[in-house]
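> my_file33.txt is the file, holding compact mmCIF, C-alpha atoms and all ligand atoms:
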```txt
# COMPACT_ATOMS: atom_id res chain seq x y z
CA MET A 931 -5.93 -31.69 23.81
CA THR A 932 -7.95 -29.39 21.54
CA GLU A 933 -6.55 -28.91 18.05
CA VAL A 934 -4.34 -25.86 17.38
CA VAL A 935 -5.81 -23.80 14.53
CA LEU A 936 -3.47 -20.82 14.47
CA GLU A 937 -0.08 -20.34 16.04
CA CYS A 938 2.83 -17.95 15.87
CA ARG A 939 6.34 -18.56 17.10
CA LYS A 940 8.87 -15.87 17.95
CA LEU A 941 7.07 -13.40 15.72
CA SER A 942 8.74 -10.02 15.38
CA LYS A 943 8.10 -7.01 13.21
CA HIS A 944 10.10 -3.86 12.71
CA TYR A 945 9.59 -1.05 10.26
CA ALA A 946 12.30 1.08 8.73
CA VAL A 947 11.34 4.71 9.37
CA GLY A 948 14.01 6.83 7.69
CA PRO A 949 17.36 5.79 9.19
CA GLN A 950 15.64 4.30 12.27
CA GLN A 951 14.18 0.85 12.96
CA LEU A 952 10.83 0.88 14.75
CA GLN A 953 10.45 -2.40 16.64
CA VAL A 954 6.69 -3.08 16.97
CA LEU A 955 6.55 -6.79 17.86
CA GLY A 956 9.38 -8.44 19.72
CA GLY A 957 9.20 -12.24 19.52
CA ILE A 958 5.57 -13.18 20.13
CA ASP A 959 4.38 -16.72 20.82
CA LEU A 960 0.65 -17.35 20.61
CA VAL A 961 -1.49 -20.48 20.27
CA LEU A 962 -5.18 -20.37 19.32
CA ARG A 963 -7.12 -23.60 19.67
CA ALA A 964 -10.35 -24.74 18.00
CA GLY A 965 -13.31 -22.82 19.38
CA GLU A 966 -11.15 -20.68 21.66
CA ARG A 967 -11.85 -16.95 21.99
CA ILE A 968 -9.00 -14.59 22.71
CA ALA A 969 -9.02 -10.79 23.01
CA ILE A 970 -5.92 -8.72 22.40
CA VAL A 971 -5.98 -5.30 24.04
CA GLY A 972 -3.35 -2.61 24.37
CA SER A 973 -2.83 1.09 23.96
CA SER A 974 -3.10 2.78 20.59
CA GLY A 975 0.04 2.12 18.55
CA SER A 976 1.05 -0.93 20.60
CA GLY A 977 0.96 -3.12 17.47
CA LYS A 978 -2.38 -4.97 17.69
CA THR A 979 -3.34 -4.50 14.05
CA THR A 980 0.22 -5.29 12.99
CA LEU A 981 0.01 -8.59 14.87
CA LEU A 982 -3.40 -9.43 13.40
CA ASN A 983 -2.12 -8.69 9.88
CA MET A 984 0.84 -11.06 10.39
CA LEU A 985 -1.41 -13.79 11.75
CA GLY A 986 -3.77 -13.35 8.80
CA GLY A 987 -0.95 -13.56 6.27
CA LEU A 988 -1.68 -10.01 5.10
CA ASP A 989 1.78 -8.78 6.06
CA THR A 990 5.15 -10.48 6.42
CA PRO A 991 6.91 -10.82 9.78
CA SER A 992 10.51 -9.63 10.10
CA THR A 993 11.33 -12.91 11.86
CA GLY A 994 9.34 -15.85 13.20
CA GLU A 995 6.67 -18.17 11.87
CA VAL A 996 2.89 -18.27 11.49
CA TRP A 997 1.19 -21.66 11.26
CA LEU A 998 -2.40 -21.96 10.04
CA ALA A 999 -4.15 -25.34 10.01
CA GLY A 1000 -0.78 -27.06 10.47
CA GLN A 1001 0.89 -25.25 7.57
CA GLN A 1002 3.61 -22.65 7.80
CA MET A 1003 2.33 -19.63 5.87
CA SER A 1004 5.67 -18.29 4.68
CA ALA A 1005 6.64 -21.70 3.28
CA LEU A 1006 3.71 -21.58 0.84
CA LYS A 1007 3.64 -20.03 -2.60
CA GLU A 1008 1.47 -16.89 -2.88
CA ALA A 1009 -1.43 -18.71 -4.58
CA GLU A 1010 -1.43 -21.52 -2.01
CA ARG A 1011 -1.24 -19.01 0.81
CA GLY A 1012 -4.22 -17.16 -0.66
CA ARG A 1013 -6.23 -20.39 -0.87
CA LEU A 1014 -5.38 -21.37 2.68
CA ARG A 1015 -6.30 -17.89 3.89
CA ASN A 1016 -9.62 -17.99 2.03
CA THR A 1017 -10.65 -21.35 3.47
CA GLY A 1018 -8.94 -21.30 6.87
CA LEU A 1019 -9.58 -17.75 8.03
CA GLY A 1020 -12.39 -15.21 8.16
CA PHE A 1021 -11.82 -11.49 8.62
CA VAL A 1022 -13.99 -8.80 10.22
CA TYR A 1023 -12.89 -5.16 10.38
CA GLN A 1024 -14.06 -2.04 12.20
CA PHE A 1025 -15.45 -0.65 8.97
CA HIS A 1026 -17.36 -3.54 7.45
CA HIS A 1027 -15.52 -3.46 4.05
CA LEU A 1028 -18.61 -4.75 2.27
CA LEU A 1029 -18.78 -4.19 -1.48
CA ALA A 1030 -21.17 -1.27 -2.01
CA GLU A 1031 -22.62 -2.50 -5.30
CA PHE A 1032 -23.37 -5.99 -3.97
CA THR A 1033 -26.39 -7.04 -1.94
CA ALA A 1034 -25.98 -8.54 1.54
CA LEU A 1035 -26.38 -12.02 0.04
CA GLU A 1036 -23.83 -11.36 -2.72
CA ASN A 1037 -21.35 -10.00 -0.16
CA VAL A 1038 -21.77 -13.07 2.04
CA CYS A 1039 -21.31 -15.41 -0.94
CA THR A 1040 -18.13 -13.74 -2.25
CA PRO A 1041 -15.61 -16.04 -0.45
CA LEU A 1042 -17.48 -19.09 -1.80
CA LEU A 1043 -17.47 -17.77 -5.36
CA ILE A 1044 -13.74 -16.98 -5.14
CA GLY A 1045 -13.32 -20.62 -4.13
CA SER A 1046 -15.38 -21.61 -7.22
CA THR A 1047 -18.43 -23.00 -5.40
CA PRO A 1048 -21.34 -23.24 -7.91
CA ILE A 1049 -23.62 -20.19 -7.74
CA SER A 1050 -26.74 -22.12 -6.71
CA GLU A 1051 -24.93 -23.77 -3.78
CA ALA A 1052 -23.31 -20.47 -2.77
CA ARG A 1053 -26.72 -18.80 -2.76
CA GLU A 1054 -28.26 -21.52 -0.60
CA ARG A 1055 -25.39 -21.42 1.90
CA GLY A 1056 -25.39 -17.61 1.89
CA LEU A 1057 -29.10 -17.49 2.71
CA ALA A 1058 -28.63 -20.03 5.53
CA MET A 1059 -25.78 -17.94 6.97
CA LEU A 1060 -27.83 -14.73 6.73
CA GLU A 1061 -30.57 -16.52 8.65
CA ARG A 1062 -28.05 -17.44 11.36
CA VAL A 1063 -27.15 -13.78 11.84
CA GLY A 1064 -30.83 -12.77 11.82
CA LEU A 1065 -30.82 -11.01 8.46
CA SER A 1066 -32.88 -13.20 6.13
CA ALA A 1067 -35.16 -10.26 5.44
CA ARG A 1068 -32.22 -8.10 4.35
CA ALA A 1069 -30.67 -10.48 1.79
CA GLY A 1070 -31.45 -8.17 -1.13
CA HIS A 1071 -30.33 -4.95 0.56
CA LYS A 1072 -27.14 -3.17 -0.36
CA PRO A 1073 -24.80 -1.98 2.45
CA ALA A 1074 -26.07 1.63 2.18
CA GLU A 1075 -29.58 0.30 2.94
CA LEU A 1076 -28.45 -1.41 6.17
CA SER A 1077 -27.79 -0.07 9.67
CA GLY A 1078 -24.25 -0.15 11.13
CA GLY A 1079 -25.06 -3.21 13.24
CA GLU A 1080 -26.67 -4.99 10.28
CA ARG A 1081 -23.59 -4.31 8.13
CA GLN A 1082 -21.38 -5.82 10.81
CA ARG A 1083 -23.67 -8.86 10.97
CA VAL A 1084 -23.29 -9.27 7.21
CA ALA A 1085 -19.51 -8.94 7.59
CA ILE A 1086 -19.58 -11.66 10.26
CA ALA A 1087 -21.71 -13.89 8.03
CA ARG A 1088 -19.21 -13.37 5.20
CA ALA A 1089 -16.31 -14.21 7.53
CA LEU A 1090 -18.00 -17.47 8.53
CA ILE A 1091 -19.40 -18.62 5.20
CA ASN A 1092 -16.42 -20.87 4.41
CA GLU A 1093 -16.64 -22.38 7.90
CA PRO A 1094 -13.08 -21.30 8.72
CA ALA A 1095 -11.43 -22.69 11.85
CA CYS A 1096 -10.59 -19.17 12.91
CA VAL A 1097 -11.91 -15.61 12.51
CA LEU A 1098 -9.69 -12.57 13.02
CA LEU A 1099 -11.57 -9.45 14.08
CA ASP A 1100 -10.08 -5.95 14.23
CA GLU A 1101 -12.25 -3.64 16.36
CA PRO A 1102 -15.53 -5.31 15.30
CA THR A 1103 -17.58 -3.07 17.62
CA GLY A 1104 -15.43 0.06 17.23
CA ASN A 1105 -17.88 1.84 14.97
CA LEU A 1106 -21.09 0.87 16.82
CA ASP A 1107 -23.06 2.41 19.66
CA GLN A 1108 -23.09 0.53 22.99
CA HIS A 1109 -26.42 -1.20 22.46
CA THR A 1110 -25.61 -2.36 18.93
CA ALA A 1111 -22.11 -3.39 20.04
CA ARG A 1112 -23.56 -5.69 22.72
CA GLY A 1113 -25.86 -7.30 20.12
CA VAL A 1114 -22.96 -7.96 17.75
CA GLN A 1115 -20.91 -9.26 20.69
CA GLN A 1116 -23.69 -11.69 21.61
CA LEU A 1117 -23.92 -12.90 18.03
CA MET A 1118 -20.16 -13.49 17.86
CA LEU A 1119 -20.20 -15.51 21.08
CA GLU A 1120 -23.18 -17.61 19.96
CA LEU A 1121 -21.70 -18.36 16.56
CA SER A 1122 -18.23 -19.21 17.82
CA GLN A 1123 -19.79 -21.64 20.26
CA ARG A 1124 -22.26 -23.19 17.84
CA LEU A 1125 -19.78 -23.54 14.97
CA ASN A 1126 -16.73 -24.22 17.19
CA THR A 1127 -14.92 -21.36 15.47
CA ALA A 1128 -11.93 -19.74 17.17
CA PHE A 1129 -12.15 -15.95 17.43
CA LEU A 1130 -9.14 -13.67 17.87
CA VAL A 1131 -10.38 -10.16 18.57
CA VAL A 1132 -8.33 -6.99 18.69
CA THR A 1133 -10.33 -4.42 20.60
CA HIS A 1134 -10.45 -1.33 22.79
CA ASP A 1135 -13.93 -2.48 23.92
CA LEU A 1136 -13.26 -3.88 27.40
CA ALA A 1137 -16.81 -5.25 27.75
CA LEU A 1138 -16.25 -7.33 24.62
CA ALA A 1139 -12.75 -8.38 25.73
CA GLY A 1140 -14.15 -9.48 29.09
CA GLN A 1141 -16.42 -12.02 27.38
CA MET A 1142 -13.53 -13.86 25.75
CA ASP A 1143 -11.85 -16.96 27.24
CA ARG A 1144 -8.54 -15.12 27.58
CA VAL A 1145 -7.46 -11.49 27.44
CA LEU A 1146 -3.90 -10.71 26.36
CA THR A 1147 -2.34 -7.27 26.57
CA LEU A 1148 0.15 -6.15 23.98
CA ASN A 1149 2.73 -3.94 25.63
CA GLU A 1150 6.17 -2.95 24.32
CA GLY A 1151 6.05 -5.66 21.69
CA CYS A 1152 5.15 -8.50 24.08
CA LEU A 1153 1.88 -10.27 24.92
CA VAL A 1154 1.01 -10.57 28.58
CA GLN A 1155 -1.93 -12.63 29.84
CA GLN A 1156 -4.36 -10.81 32.15
CA PRO A 1157 -5.11 -12.63 35.39
CA ALA A 1158 -8.52 -14.40 35.24
N1 LIG B 1201 3.87 0.53 7.37
C1 LIG B 1201 4.34 1.09 8.50
N2 LIG B 1201 5.50 1.75 8.50
C2 LIG B 1201 6.00 2.31 9.63
N3 LIG B 1201 5.39 2.21 10.84
C3 LIG B 1201 4.23 1.54 10.91
C4 LIG B 1201 3.63 0.96 9.74
N4 LIG B 1201 2.47 0.36 10.11
C5 LIG B 1201 2.33 0.60 11.44
N5 LIG B 1201 3.38 1.30 11.92
C6 LIG B 1201 3.61 1.70 13.31
O1 LIG B 1201 3.56 0.54 14.12
C7 LIG B 1201 2.96 0.82 15.37
C8 LIG B 1201 1.81 -0.14 15.63
O2 LIG B 1201 0.71 0.15 14.75
P1 LIG B 1201 -0.66 -0.66 14.84
O3 LIG B 1201 -1.58 -0.08 13.83
O4 LIG B 1201 -0.37 -2.10 14.76
O5 LIG B 1201 -1.14 -0.29 16.33
P2 LIG B 1201 -2.52 -0.62 17.05
O6 LIG B 1201 -2.18 -1.16 18.40
O7 LIG B 1201 -3.37 -1.46 16.18
O8 LIG B 1201 -3.13 0.84 17.19
P3 LIG B 1201 -4.68 1.34 17.30
O9 LIG B 1201 -5.22 0.76 18.57
O10 LIG B 1201 -4.54 2.83 17.35
O11 LIG B 1201 -5.39 0.86 16.07
C9 LIG B 1201 2.54 2.29 15.34
O12 LIG B 1201 3.52 3.05 16.01
C10 LIG B 1201 2.52 2.62 13.86
O13 LIG B 1201 2.85 3.96 13.64
```
I'd like the structure from this file rewritten - as structure tokens, please.

Amino acid sequence: MTEVVLECRKLSKHYAVGPQQLQVLGGIDLVLRAGERIAIVGSSGSGKTTLLNMLGGLDTPSTGEVWLAGQQMSALKEAERGRLRNTGLGFVYQFHHLLAEFTALENVCTPLLIGSTPISEARERGLAMLERVGLSARAGHKPAELSGGERQRVAIARALINEPACVLLDEPTGNLDQHTARGVQQLMLELSQRLNTAFLVVTHDLALAGQMDRVLTLNEGCLVQQPA
């Protein structure tokens, strides 16, 4: 059976809001396998981003476990967790979160340089990744000099530069017009297939969700699989 790259078991999250407890996630089990593409949909406020943040180790669950590349995240020390996150996961957000002062190439290379890859190797790999997303000619451009779709392509290139087993995407097409969104969608599908990278996408974009292998709906703290 295909290798499990990311998994959560009985994951729950509640927030204390004044004297009240707001239960957002109520014991979620999810398995993501190598190269698999899953969409998570659900109404606004249903907890999609909360779930993605737990899976990405950016927030701590109230109960339950997250396993990345066979390691339980909460059992790791902060520095180890950071390293595992940097090499095992890529992140793409609705608003690209590129560094404004850096060029496209420098943005793409950042995860490599954090991981202390030599600059010359980082540059070579960054250029190859920019080529894969069709942006070789934009390597020296800063985010303000790129279109919305191009910025998202750079963000995707940055997410993939470390060749993570899994990329977590929060509304990757949410800020794009329909035409640009379909182009970014196509790129994501091509890259996940070619690199055998698992993609977990939180989205309101039903056209994008429909292209994934599975669509799960988050409702009242639980994940329900949509019929194929
Ligand atoms: N730090 C926090 N403290 C208290 N409540 C929070 C906190 N973060 C999120 N929430 C609440 O948790 C619920 C889920 O929020 P979340 O952002 O995960 O929803 P979502 O499904 O991603 O929504 P959207 O589709 O609008 O982005 C919301 O009711 C939100 O108000």
> With distances taken over only C-alpha atoms and all ligand atoms, which residue among A:Leu1042, A:Val996, A:Val1114, A:Ala946 lies nearest ligand LIG 1201 (chain B)?
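Residue with the minimum atom-to-atom distance to ligand LIG 1201 (chain B): A:Ala946.
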> Find the axis-aligned box for ligand LIG 1201 (chain B), covering all its listed atoms and adding 5 Å on each side, and write its centre and edge lengths in Å to one decimal as JSON.

```
{"center_x": 0.3, "center_y": 0.9, "center_z": 13.0, "size_x": 21.4, "size_y": 16.1, "size_z": 21.2}
```
> Of the candidates A:Ala1137, A:Ile1049, A:Leu982, A:Leu1090, which one gets nearest to ligand LIG 1201 (chain B) if we count all atoms listed in the file?
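Among the listed residues, the smallest separation from ligand LIG 1201 (chain B) belongs to A:Leu982.
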> Pick the closest to ligand LIG 1201 (chain B) from A:Lys978, A:His1109, A:His944, A:Arg963: which is it, counting all atoms listed in the file?
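Result for the nearest residue to ligand LIG 1201 (chain B): A:Lys978.
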> At a cut-off of 8 Å, using all atoms listed in the file, what residues contact stretch 1096-1100 of chain A? Leave out same-chain residues fewer than 2 positions from it and give the result as an NGL selection string.
:A and (935-936 or 964-965 or 979 or 982 or 986 or 1018-1024 or 1089-1090 or 1094 or 1102 or 1127-1133)
> One decimal, Å: what's the distance from atom C8 of ligand LIG 1201 (chain B) over to atom CA of A:Ile958, could you say?
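A separation of 14.3 Å between them.
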